[in-house]
>>> print(open('target_8.cif').read())   # mmCIF, N, CA and C atoms
data_input
loop_
_atom_site.label_atom_id
_atom_site.label_comp_id
_atom_site.auth_asym_id
_atom_site.auth_seq_id
_atom_site.Cartn_x
_atom_site.Cartn_y
_atom_site.Cartn_z
N MET A 1 121.76 95.35 100.70
CA MET A 1 121.60 96.58 99.94
C MET A 1 120.62 97.49 100.72
N ASP A 2 120.89 98.77 100.72
CA ASP A 2 120.04 99.71 101.45
C ASP A 2 118.81 100.10 100.63
N ILE A 3 117.93 100.85 101.24
CA ILE A 3 116.68 101.24 100.59
C ILE A 3 116.93 102.07 99.34
N ALA A 4 117.87 103.00 99.40
CA ALA A 4 118.18 103.84 98.24
C ALA A 4 118.68 102.99 97.07
N GLY A 5 119.47 101.98 97.36
CA GLY A 5 119.98 101.09 96.31
C GLY A 5 118.84 100.30 95.67
N ASN A 6 117.92 99.82 96.48
CA ASN A 6 116.76 99.10 95.95
C ASN A 6 115.90 100.01 95.09
N ARG A 7 115.72 101.23 95.56
CA ARG A 7 114.90 102.19 94.81
C ARG A 7 115.53 102.47 93.44
N GLU A 8 116.84 102.65 93.41
CA GLU A 8 117.53 102.91 92.14
C GLU A 8 117.40 101.71 91.20
N ARG A 9 117.50 100.51 91.75
CA ARG A 9 117.37 99.30 90.95
C ARG A 9 115.96 99.19 90.35
N ILE A 10 114.97 99.52 91.14
CA ILE A 10 113.58 99.46 90.67
C ILE A 10 113.34 100.50 89.59
N VAL A 11 113.80 101.72 89.82
CA VAL A 11 113.62 102.79 88.83
C VAL A 11 114.34 102.43 87.53
N ARG A 12 115.53 101.89 87.61
CA ARG A 12 116.29 101.50 86.42
C ARG A 12 115.52 100.40 85.66
N TYR A 13 114.98 99.43 86.39
CA TYR A 13 114.20 98.36 85.77
C TYR A 13 112.98 98.93 85.05
N LEU A 14 112.25 99.83 85.70
CA LEU A 14 111.07 100.42 85.09
C LEU A 14 111.42 101.24 83.85
N ASP A 15 112.56 101.93 83.90
CA ASP A 15 113.01 102.70 82.74
C ASP A 15 113.29 101.79 81.56
N GLU A 16 113.88 100.63 81.84
CA GLU A 16 114.23 99.69 80.77
C GLU A 16 113.02 98.95 80.22
N HIS A 17 112.12 98.54 81.09
CA HIS A 17 111.03 97.65 80.69
C HIS A 17 109.66 98.31 80.63
N GLY A 18 109.51 99.49 81.16
CA GLY A 18 108.23 100.16 81.15
C GLY A 18 107.30 99.61 82.22
N VAL A 19 106.08 100.11 82.22
CA VAL A 19 105.06 99.71 83.18
C VAL A 19 103.91 99.09 82.40
N ALA A 20 103.44 97.93 82.84
CA ALA A 20 102.35 97.25 82.16
C ALA A 20 101.08 97.32 83.00
N ASP A 21 99.95 97.32 82.32
CA ASP A 21 98.67 97.25 83.01
C ASP A 21 98.52 95.85 83.58
N LYS A 22 98.39 95.74 84.88
CA LYS A 22 98.34 94.43 85.52
C LYS A 22 97.17 93.59 85.05
N ASP A 23 96.07 94.20 84.68
CA ASP A 23 94.91 93.45 84.22
C ASP A 23 95.05 93.00 82.77
N ALA A 24 95.76 93.78 81.98
CA ALA A 24 95.88 93.46 80.56
C ALA A 24 96.80 92.27 80.32
N CYS A 25 97.73 92.01 81.22
CA CYS A 25 98.69 90.94 80.99
C CYS A 25 98.23 89.59 81.54
N ARG A 26 97.09 89.54 82.22
CA ARG A 26 96.57 88.26 82.71
C ARG A 26 95.45 87.78 81.80
N PRO A 27 95.31 86.48 81.61
CA PRO A 27 94.19 85.98 80.81
C PRO A 27 92.86 86.37 81.43
N ALA A 28 91.85 86.57 80.60
CA ALA A 28 90.54 87.02 81.09
C ALA A 28 89.94 86.07 82.11
N ALA A 29 90.17 84.78 81.97
CA ALA A 29 89.58 83.81 82.90
C ALA A 29 90.09 84.01 84.32
N ARG A 30 91.26 84.58 84.47
CA ARG A 30 91.82 84.77 85.81
C ARG A 30 91.44 86.10 86.42
N ARG A 31 90.88 87.00 85.68
CA ARG A 31 90.53 88.32 86.19
C ARG A 31 89.25 88.32 87.01
N GLY A 32 88.61 87.25 87.11
CA GLY A 32 87.34 87.19 87.81
C GLY A 32 86.29 86.66 86.87
N LYS A 33 85.07 86.72 87.26
CA LYS A 33 83.99 86.18 86.45
C LYS A 33 83.85 86.99 85.17
N ALA A 34 83.88 86.30 84.05
CA ALA A 34 83.72 86.96 82.76
C ALA A 34 82.26 87.37 82.59
N PRO A 35 82.03 88.57 82.04
CA PRO A 35 80.65 89.00 81.85
C PRO A 35 79.94 88.13 80.84
N ASN A 36 78.65 87.99 80.99
CA ASN A 36 77.84 87.21 80.07
C ASN A 36 77.54 88.08 78.86
N ILE A 37 78.31 87.90 77.80
CA ILE A 37 78.19 88.72 76.61
C ILE A 37 77.27 88.02 75.62
N GLY A 38 76.52 88.78 74.88
CA GLY A 38 75.64 88.21 73.88
C GLY A 38 74.20 88.52 74.22
N LEU A 39 73.33 87.54 74.02
CA LEU A 39 71.92 87.72 74.31
C LEU A 39 71.54 86.96 75.57
N LYS A 40 70.66 87.54 76.35
CA LYS A 40 70.11 86.84 77.50
C LYS A 40 68.69 87.34 77.72
N LYS A 41 67.92 86.55 78.45
CA LYS A 41 66.54 86.94 78.75
C LYS A 41 66.50 87.68 80.08
N THR A 42 65.68 88.71 80.12
CA THR A 42 65.49 89.45 81.37
C THR A 42 64.43 88.74 82.19
N ARG A 43 64.22 89.22 83.40
CA ARG A 43 63.18 88.64 84.26
C ARG A 43 61.79 88.80 83.66
N LYS A 44 61.63 89.81 82.82
CA LYS A 44 60.34 90.04 82.17
C LYS A 44 60.18 89.18 80.92
N GLY A 45 61.20 88.40 80.58
CA GLY A 45 61.14 87.54 79.40
C GLY A 45 61.57 88.22 78.12
N LEU A 46 62.04 89.47 78.21
CA LEU A 46 62.50 90.19 77.02
C LEU A 46 63.93 89.78 76.69
N LEU A 47 64.31 89.91 75.42
CA LEU A 47 65.69 89.67 75.04
C LEU A 47 66.51 90.93 75.28
N ARG A 48 67.71 90.73 75.78
CA ARG A 48 68.61 91.84 76.06
C ARG A 48 69.99 91.49 75.49
N LYS A 49 70.58 92.43 74.78
CA LYS A 49 71.94 92.25 74.28
C LYS A 49 72.88 92.85 75.32
N VAL A 50 74.01 92.17 75.54
CA VAL A 50 75.01 92.62 76.51
C VAL A 50 76.33 92.81 75.78
N ILE A 51 76.94 93.99 75.96
CA ILE A 51 78.27 94.23 75.38
C ILE A 51 79.20 94.71 76.48
N ASP A 52 80.47 94.37 76.34
CA ASP A 52 81.49 94.75 77.32
C ASP A 52 82.52 95.62 76.62
N LEU A 53 82.71 96.83 77.11
CA LEU A 53 83.64 97.79 76.50
C LEU A 53 84.97 97.90 77.25
N HIS A 54 85.15 97.10 78.30
CA HIS A 54 86.39 97.15 79.09
C HIS A 54 87.63 97.08 78.20
N GLY A 55 88.60 97.90 78.50
CA GLY A 55 89.89 97.85 77.82
C GLY A 55 89.94 98.51 76.46
N MET A 56 88.84 99.05 75.99
CA MET A 56 88.81 99.69 74.68
C MET A 56 89.11 101.18 74.82
N THR A 57 89.59 101.76 73.74
CA THR A 57 89.72 103.21 73.71
C THR A 57 88.31 103.78 73.54
N ALA A 58 88.15 105.04 73.83
CA ALA A 58 86.83 105.67 73.72
C ALA A 58 86.30 105.58 72.29
N ASP A 59 87.15 105.81 71.29
CA ASP A 59 86.71 105.76 69.89
C ASP A 59 86.25 104.35 69.50
N HIS A 60 87.06 103.36 69.87
CA HIS A 60 86.72 101.97 69.54
C HIS A 60 85.44 101.56 70.27
N ALA A 61 85.31 101.96 71.53
CA ALA A 61 84.13 101.62 72.32
C ALA A 61 82.88 102.27 71.75
N GLU A 62 82.99 103.50 71.28
CA GLU A 62 81.81 104.16 70.70
C GLU A 62 81.38 103.48 69.41
N ALA A 63 82.35 103.06 68.60
CA ALA A 63 82.01 102.34 67.37
C ALA A 63 81.32 101.01 67.72
N ARG A 64 81.81 100.33 68.72
CA ARG A 64 81.22 99.06 69.17
C ARG A 64 79.81 99.29 69.72
N LEU A 65 79.62 100.36 70.47
CA LEU A 65 78.30 100.72 71.00
C LEU A 65 77.32 100.96 69.87
N TYR A 66 77.73 101.72 68.87
CA TYR A 66 76.84 102.04 67.75
C TYR A 66 76.46 100.78 66.99
N ARG A 67 77.45 99.92 66.70
CA ARG A 67 77.16 98.67 65.99
C ARG A 67 76.18 97.80 66.78
N ALA A 68 76.37 97.74 68.09
CA ALA A 68 75.49 96.93 68.94
C ALA A 68 74.07 97.49 68.95
N MET A 69 73.95 98.82 68.96
CA MET A 69 72.63 99.43 68.95
C MET A 69 71.93 99.17 67.61
N GLU A 70 72.66 99.29 66.51
CA GLU A 70 72.08 99.02 65.19
C GLU A 70 71.65 97.57 65.07
N ALA A 71 72.51 96.65 65.49
CA ALA A 71 72.20 95.22 65.40
C ALA A 71 71.00 94.87 66.27
N SER A 72 70.94 95.46 67.46
CA SER A 72 69.81 95.20 68.36
C SER A 72 68.51 95.71 67.76
N ALA A 73 68.54 96.91 67.22
CA ALA A 73 67.34 97.49 66.62
C ALA A 73 66.88 96.65 65.42
N ALA A 74 67.81 96.20 64.61
CA ALA A 74 67.47 95.39 63.44
C ALA A 74 66.87 94.04 63.85
N ALA A 75 67.32 93.50 64.99
CA ALA A 75 66.83 92.21 65.46
C ALA A 75 65.59 92.34 66.35
N GLY A 76 65.15 93.57 66.60
CA GLY A 76 63.98 93.79 67.43
C GLY A 76 64.25 93.69 68.92
N ILE A 77 65.51 93.77 69.31
CA ILE A 77 65.89 93.71 70.72
C ILE A 77 65.77 95.11 71.30
N LYS A 78 65.03 95.25 72.39
CA LYS A 78 64.75 96.58 72.94
C LYS A 78 65.66 97.00 74.08
N GLU A 79 66.44 96.07 74.64
CA GLU A 79 67.32 96.43 75.76
C GLU A 79 68.77 96.08 75.42
N LEU A 80 69.66 96.98 75.81
CA LEU A 80 71.09 96.79 75.62
C LEU A 80 71.77 97.12 76.94
N LEU A 81 72.50 96.15 77.49
CA LEU A 81 73.26 96.38 78.71
C LEU A 81 74.70 96.65 78.30
N VAL A 82 75.18 97.85 78.56
CA VAL A 82 76.53 98.27 78.18
C VAL A 82 77.40 98.24 79.43
N ILE A 83 78.38 97.34 79.45
CA ILE A 83 79.30 97.25 80.57
C ILE A 83 80.52 98.09 80.23
N HIS A 84 80.70 99.18 80.97
CA HIS A 84 81.80 100.10 80.70
C HIS A 84 82.80 100.16 81.84
N GLY A 85 82.47 99.61 82.96
CA GLY A 85 83.36 99.64 84.12
C GLY A 85 83.14 100.88 84.97
N TRP A 86 83.76 100.86 86.11
CA TRP A 86 83.60 101.95 87.08
C TRP A 86 84.57 103.09 86.84
N GLY A 87 85.59 102.88 86.06
CA GLY A 87 86.59 103.92 85.83
C GLY A 87 87.62 103.98 86.94
N ARG A 88 87.96 102.85 87.52
CA ARG A 88 88.93 102.83 88.61
C ARG A 88 90.33 103.21 88.16
N HIS A 89 90.62 103.06 86.87
CA HIS A 89 91.93 103.44 86.37
C HIS A 89 91.93 104.86 85.81
N SER A 90 90.81 105.56 85.95
CA SER A 90 90.69 106.93 85.46
C SER A 90 90.95 107.91 86.58
N ASN A 91 91.07 109.17 86.22
CA ASN A 91 91.24 110.24 87.20
C ASN A 91 89.97 110.32 88.04
N PRO A 92 90.07 110.17 89.37
CA PRO A 92 88.87 110.18 90.21
C PRO A 92 88.03 111.46 90.09
N ALA A 93 88.68 112.58 89.84
CA ALA A 93 87.95 113.84 89.73
C ALA A 93 87.11 113.88 88.45
N GLU A 94 87.57 113.20 87.40
CA GLU A 94 86.87 113.24 86.11
C GLU A 94 85.90 112.07 85.94
N GLY A 95 86.11 110.98 86.64
CA GLY A 95 85.25 109.81 86.49
C GLY A 95 85.72 108.92 85.35
N GLY A 96 84.99 107.84 85.13
CA GLY A 96 85.35 106.88 84.10
C GLY A 96 85.21 107.43 82.69
N VAL A 97 86.23 107.23 81.89
CA VAL A 97 86.24 107.73 80.52
C VAL A 97 85.16 107.05 79.68
N LEU A 98 85.08 105.72 79.78
CA LEU A 98 84.09 104.99 78.98
C LEU A 98 82.67 105.29 79.42
N LYS A 99 82.46 105.38 80.72
CA LYS A 99 81.12 105.69 81.22
C LYS A 99 80.68 107.05 80.70
N LYS A 100 81.57 108.03 80.76
CA LYS A 100 81.26 109.37 80.28
C LYS A 100 80.96 109.36 78.78
N MET A 101 81.78 108.62 78.03
CA MET A 101 81.59 108.55 76.59
C MET A 101 80.24 107.91 76.25
N VAL A 102 79.90 106.81 76.94
CA VAL A 102 78.62 106.12 76.69
C VAL A 102 77.46 107.06 76.97
N ARG A 103 77.47 107.70 78.12
CA ARG A 103 76.36 108.59 78.49
C ARG A 103 76.26 109.77 77.53
N ASP A 104 77.40 110.33 77.14
CA ASP A 104 77.40 111.47 76.21
C ASP A 104 76.86 111.05 74.85
N ALA A 105 77.29 109.89 74.35
CA ALA A 105 76.82 109.41 73.05
C ALA A 105 75.32 109.16 73.07
N LEU A 106 74.83 108.53 74.14
CA LEU A 106 73.40 108.24 74.24
C LEU A 106 72.58 109.53 74.35
N GLU A 107 73.11 110.50 75.05
CA GLU A 107 72.40 111.77 75.29
C GLU A 107 72.40 112.69 74.07
N HIS A 108 73.50 112.70 73.31
CA HIS A 108 73.64 113.71 72.26
C HIS A 108 73.68 113.17 70.83
N ARG A 109 74.29 112.01 70.61
CA ARG A 109 74.48 111.56 69.23
C ARG A 109 73.50 110.47 68.80
N TYR A 110 72.99 109.69 69.70
CA TYR A 110 72.14 108.56 69.33
C TYR A 110 70.71 108.72 69.85
N THR A 111 70.26 109.93 69.99
CA THR A 111 68.92 110.19 70.54
C THR A 111 67.82 109.58 69.68
N SER A 112 68.04 109.45 68.38
CA SER A 112 67.01 108.90 67.50
C SER A 112 66.80 107.40 67.75
N MET A 113 67.75 106.74 68.39
CA MET A 113 67.66 105.30 68.63
C MET A 113 67.30 104.96 70.08
N VAL A 114 67.45 105.93 70.99
CA VAL A 114 67.35 105.65 72.42
C VAL A 114 66.05 106.20 73.01
N ARG A 115 65.31 105.32 73.68
CA ARG A 115 64.12 105.76 74.41
C ARG A 115 64.55 106.32 75.76
N GLU A 116 65.38 105.56 76.49
CA GLU A 116 65.91 106.02 77.77
C GLU A 116 67.15 105.20 78.12
N TYR A 117 67.89 105.70 79.08
CA TYR A 117 69.03 104.95 79.62
C TYR A 117 69.14 105.27 81.10
N LYS A 118 69.72 104.32 81.83
CA LYS A 118 69.87 104.51 83.27
C LYS A 118 70.99 103.61 83.78
N THR A 119 71.43 103.90 84.98
CA THR A 119 72.43 103.06 85.63
C THR A 119 71.82 101.69 85.86
N ALA A 120 72.60 100.65 85.59
CA ALA A 120 72.12 99.27 85.75
C ALA A 120 71.88 98.97 87.23
N LEU A 121 71.05 97.98 87.48
CA LEU A 121 70.83 97.50 88.85
C LEU A 121 72.12 96.89 89.39
N PRO A 122 72.29 96.86 90.71
CA PRO A 122 73.53 96.31 91.28
C PRO A 122 73.87 94.90 90.77
N ARG A 123 72.87 94.04 90.61
CA ARG A 123 73.15 92.67 90.15
C ARG A 123 73.57 92.63 88.67
N GLU A 124 73.37 93.74 87.95
CA GLU A 124 73.73 93.82 86.54
C GLU A 124 75.02 94.61 86.31
N GLY A 125 75.60 95.14 87.37
CA GLY A 125 76.84 95.91 87.23
C GLY A 125 76.80 97.26 87.91
N GLY A 126 75.64 97.71 88.35
CA GLY A 126 75.54 98.98 89.07
C GLY A 126 76.13 100.14 88.29
N GLU A 127 76.97 100.92 88.95
CA GLU A 127 77.59 102.10 88.34
C GLU A 127 78.56 101.75 87.22
N GLY A 128 78.90 100.48 87.09
CA GLY A 128 79.82 100.05 86.03
C GLY A 128 79.12 99.64 84.75
N ALA A 129 77.81 99.85 84.68
CA ALA A 129 77.06 99.46 83.48
C ALA A 129 75.88 100.42 83.29
N THR A 130 75.47 100.54 82.04
CA THR A 130 74.33 101.37 81.69
C THR A 130 73.32 100.53 80.93
N LEU A 131 72.07 100.61 81.34
CA LEU A 131 71.00 99.88 80.68
C LEU A 131 70.30 100.84 79.72
N VAL A 132 70.28 100.47 78.44
CA VAL A 132 69.71 101.31 77.39
C VAL A 132 68.44 100.66 76.88
N THR A 133 67.36 101.44 76.83
CA THR A 133 66.11 100.99 76.21
C THR A 133 66.03 101.65 74.85
N LEU A 134 65.94 100.81 73.81
CA LEU A 134 65.92 101.32 72.44
C LEU A 134 64.49 101.58 71.99
N LYS A 135 64.33 102.47 71.01
CA LYS A 135 62.99 102.78 70.45
C LYS A 135 62.53 101.65 69.58
#
>>> encode(input="target_8.cif", output="structure tokens")
Amino acid sequence: MDIAGNRERIVRYLDEHGVADKDACRPAARRGKAPNIGLKKTRKGLLRKVIDLHGMTADHAEARLYRAMEASAAAGIKELLVIHGWGRHSNPAEGGVLKKMVRDALEHRYTSMVREYKTALPREGGEGATLVTLK
């Protein structure tokens, strides 16, 4: 079969079956090291809550962020590590959707709960995570 025939076969297949996110169809254990979600101690001995927003819509992720901030504040936890990803599946000109949503929410909507936020250290996720210090 020639190249044009193969191309038509591929296009027909995609029309019938659609396109799937390659990461969504594999089990999490195979995608690489799973993030350490929950509570962990920092090098300073403080408790830090870690949440992972990968694969969520912006609305769902913001609700999860807010719940995590409330739960952390109620438990006296002062640090929250938010893993939002680098935005590799987003438009490069616009940047990561979740990262933008997290930063916007922290800057404008949750100022009463946030002392400061910054990009996480490379060993904590770098540009793919935001470290939030709560009041």
>>> residues_around(input="target_8.cif", residues="Met113 of chain A", least_positions_apart="4", cutoff="7 Å", atoms="all atoms listed in the file", output="list in words")
Arg109, Thr133, Leu134 and Lys135 of chain A
>>> select_by_dssp(input="target_8.cif", residues="segment 46-87 of chain A", states="helix (DSSP H, G or I)", output="JSON, numbers by chain")
{"A": [58, 59, 60, 61, 62, 63, 64, 65, 66, 67, 68, 69, 70, 71, 72, 73, 74, 75]}
>>> residues_near_point(input="target_8.cif", point="(81.4, 104.0, 71.3)", cutoff="10 Å", atoms="only C-alpha atoms", output="compact mmCIF listing (two decimals) with N, CA and C atoms, in the frame of the given file")
# COMPACT_ATOMS: atom_id res chain seq x y z
N LEU A 53 82.71 96.83 77.11
CA LEU A 53 83.64 97.79 76.50
C LEU A 53 84.97 97.90 77.25
N MET A 56 88.84 99.05 75.99
CA MET A 56 88.81 99.69 74.68
C MET A 56 89.11 101.18 74.82
N THR A 57 89.59 101.76 73.74
CA THR A 57 89.72 103.21 73.71
C THR A 57 88.31 103.78 73.54
N ALA A 58 88.15 105.04 73.83
CA ALA A 58 86.83 105.67 73.72
C ALA A 58 86.30 105.58 72.29
N ASP A 59 87.15 105.81 71.29
CA ASP A 59 86.71 105.76 69.89
C ASP A 59 86.25 104.35 69.50
N HIS A 60 87.06 103.36 69.87
CA HIS A 60 86.72 101.97 69.54
C HIS A 60 85.44 101.56 70.27
N ALA A 61 85.31 101.96 71.53
CA ALA A 61 84.13 101.62 72.32
C ALA A 61 82.88 102.27 71.75
N GLU A 62 82.99 103.50 71.28
CA GLU A 62 81.81 104.16 70.70
C GLU A 62 81.38 103.48 69.41
N ALA A 63 82.35 103.06 68.60
CA ALA A 63 82.01 102.34 67.37
C ALA A 63 81.32 101.01 67.72
N ARG A 64 81.81 100.33 68.72
CA ARG A 64 81.22 99.06 69.17
C ARG A 64 79.81 99.29 69.72
N LEU A 65 79.62 100.36 70.47
CA LEU A 65 78.30 100.72 71.00
C LEU A 65 77.32 100.96 69.87
N TYR A 66 77.73 101.72 68.87
CA TYR A 66 76.84 102.04 67.75
C TYR A 66 76.46 100.78 66.99
N ARG A 67 77.45 99.92 66.70
CA ARG A 67 77.16 98.67 65.99
C ARG A 67 76.18 97.80 66.78
N ALA A 68 76.37 97.74 68.09
CA ALA A 68 75.49 96.93 68.94
C ALA A 68 74.07 97.49 68.95
N LEU A 98 85.08 105.72 79.78
CA LEU A 98 84.09 104.99 78.98
C LEU A 98 82.67 105.29 79.42
N MET A 101 81.78 108.62 78.03
CA MET A 101 81.59 108.55 76.59
C MET A 101 80.24 107.91 76.25
N VAL A 102 79.90 106.81 76.94
CA VAL A 102 78.62 106.12 76.69
C VAL A 102 77.46 107.06 76.97
N ARG A 103 77.47 107.70 78.12
CA ARG A 103 76.36 108.59 78.49
C ARG A 103 76.26 109.77 77.53
N ASP A 104 77.40 110.33 77.14
CA ASP A 104 77.40 111.47 76.21
C ASP A 104 76.86 111.05 74.85
N ALA A 105 77.29 109.89 74.35
CA ALA A 105 76.82 109.41 73.05
C ALA A 105 75.32 109.16 73.07
N LEU A 106 74.83 108.53 74.14
CA LEU A 106 73.40 108.24 74.24
C LEU A 106 72.58 109.53 74.35
>>> resolve_selection(input="target_8.cif", expression="the PyMOL selection byres (((chain A and resi 132 and name CA) around 9) and name CA)", output="list in words")
Lys78, Glu79, Leu80, Leu81, Val82, Leu106, Val114, Arg115, Glu116, Tyr117, Lys118, Thr119, Ala120, Thr130, Leu131, Thr133 and Leu134 of chain A
>>> write_last_selection(input="target_8.cif", atoms="N, CA and C atoms", output="mmCIF file, in the coordinates of the input")
data_model
loop_
_atom_site.group_PDB
_atom_site.id
_atom_site.type_symbol
_atom_site.label_atom_id
_atom_site.label_comp_id
_atom_site.auth_asym_id
_atom_site.auth_seq_id
_atom_site.Cartn_x
_atom_site.Cartn_y
_atom_site.Cartn_z
ATOM 1 N N LYS A 78 65.030 95.250 72.390
ATOM 2 C CA LYS A 78 64.750 96.580 72.940
ATOM 3 C C LYS A 78 65.660 97.000 74.080
ATOM 4 N N GLU A 79 66.440 96.070 74.640
ATOM 5 C CA GLU A 79 67.320 96.430 75.760
ATOM 6 C C GLU A 79 68.770 96.080 75.420
ATOM 7 N N LEU A 80 69.660 96.980 75.810
ATOM 8 C CA LEU A 80 71.090 96.790 75.620
ATOM 9 C C LEU A 80 71.770 97.120 76.940
ATOM 10 N N LEU A 81 72.500 96.150 77.490
ATOM 11 C CA LEU A 81 73.260 96.380 78.710
ATOM 12 C C LEU A 81 74.700 96.650 78.300
ATOM 13 N N VAL A 82 75.180 97.850 78.560
ATOM 14 C CA VAL A 82 76.530 98.270 78.180
ATOM 15 C C VAL A 82 77.400 98.240 79.430
ATOM 16 N N LEU A 106 74.830 108.530 74.140
ATOM 17 C CA LEU A 106 73.400 108.240 74.240
ATOM 18 C C LEU A 106 72.580 109.530 74.350
ATOM 19 N N VAL A 114 67.450 105.930 70.990
ATOM 20 C CA VAL A 114 67.350 105.650 72.420
ATOM 21 C C VAL A 114 66.050 106.200 73.010
ATOM 22 N N ARG A 115 65.310 105.320 73.680
ATOM 23 C CA ARG A 115 64.120 105.760 74.410
ATOM 24 C C ARG A 115 64.550 106.320 75.760
ATOM 25 N N GLU A 116 65.380 105.560 76.490
ATOM 26 C CA GLU A 116 65.910 106.020 77.770
ATOM 27 C C GLU A 116 67.150 105.200 78.120
ATOM 28 N N TYR A 117 67.890 105.700 79.080
ATOM 29 C CA TYR A 117 69.030 104.950 79.620
ATOM 30 C C TYR A 117 69.140 105.270 81.100
ATOM 31 N N LYS A 118 69.720 104.320 81.830
ATOM 32 C CA LYS A 118 69.870 104.510 83.270
ATOM 33 C C LYS A 118 70.990 103.610 83.780
ATOM 34 N N THR A 119 71.430 103.900 84.980
ATOM 35 C CA THR A 119 72.430 103.060 85.630
ATOM 36 C C THR A 119 71.820 101.690 85.860
ATOM 37 N N ALA A 120 72.600 100.650 85.590
ATOM 38 C CA ALA A 120 72.120 99.270 85.750
ATOM 39 C C ALA A 120 71.880 98.970 87.230
ATOM 40 N N THR A 130 75.470 100.540 82.040
ATOM 41 C CA THR A 130 74.330 101.370 81.690
ATOM 42 C C THR A 130 73.320 100.530 80.930
ATOM 43 N N LEU A 131 72.070 100.610 81.340
ATOM 44 C CA LEU A 131 71.000 99.880 80.680
ATOM 45 C C LEU A 131 70.300 100.840 79.720
ATOM 46 N N THR A 133 67.360 101.440 76.830
ATOM 47 C CA THR A 133 66.110 100.990 76.210
ATOM 48 C C THR A 133 66.030 101.650 74.850
ATOM 49 N N LEU A 134 65.940 100.810 73.810
ATOM 50 C CA LEU A 134 65.920 101.320 72.440
ATOM 51 C C LEU A 134 64.490 101.580 71.990
#
>>> atom_distance(input="target_8.cif", atom1="atom CA of Tyr110 of chain A", atom2="atom CA of Gly125 of chain A")
22.4 Å
>>> atom_distance(input="target_8.cif", atom1="atom CA of Glu16 of chain A", atom2="atom CA of Gly87 of chain A")
28.4 Å
>>> resolve_selection(input="target_8.cif", expression="the PyMOL selection byres ((chain A and resi 86) around 6)", output="PDB file with N, CA and C atoms, in the frame of the given file")
ATOM      1  N   HIS A  84      80.700  99.180  80.970  1.00  0.00           N
ATOM      2  CA  HIS A  84      81.800 100.100  80.700  1.00  0.00           C
ATOM      3  C   HIS A  84      82.800 100.160  81.840  1.00  0.00           C
ATOM      4  N   GLY A  85      82.470  99.610  82.960  1.00  0.00           N
ATOM      5  CA  GLY A  85      83.360  99.640  84.120  1.00  0.00           C
ATOM      6  C   GLY A  85      83.140 100.880  84.970  1.00  0.00           C
ATOM      7  N   GLY A  87      85.590 102.880  86.060  1.00  0.00           N
ATOM      8  CA  GLY A  87      86.590 103.920  85.830  1.00  0.00           C
ATOM      9  C   GLY A  87      87.620 103.980  86.940  1.00  0.00           C
ATOM     10  N   ARG A  88      87.960 102.850  87.520  1.00  0.00           N
ATOM     11  CA  ARG A  88      88.930 102.830  88.610  1.00  0.00           C
ATOM     12  C   ARG A  88      90.330 103.210  88.160  1.00  0.00           C
ATOM     13  N   GLY A  96      84.990 107.840  85.130  1.00  0.00           N
ATOM     14  CA  GLY A  96      85.350 106.880  84.100  1.00  0.00           C
ATOM     15  C   GLY A  96      85.210 107.430  82.690  1.00  0.00           C
ATOM     16  N   GLU A 127      76.970 100.920  88.950  1.00  0.00           N
ATOM     17  CA  GLU A 127      77.590 102.100  88.340  1.00  0.00           C
ATOM     18  C   GLU A 127      78.560 101.750  87.220  1.00  0.00           C
ATOM     19  N   GLY A 128      78.900 100.480  87.090  1.00  0.00           N
ATOM     20  CA  GLY A 128      79.820 100.050  86.030  1.00  0.00           C
ATOM     21  C   GLY A 128      79.120  99.640  84.750  1.00  0.00           C
TER      22      GLY A 128
END
>>> atom_distance(input="target_8.cif", atom1="atom C of Leu121 of chain A", atom2="atom C of Ala73 of chain A")
24.5 Å
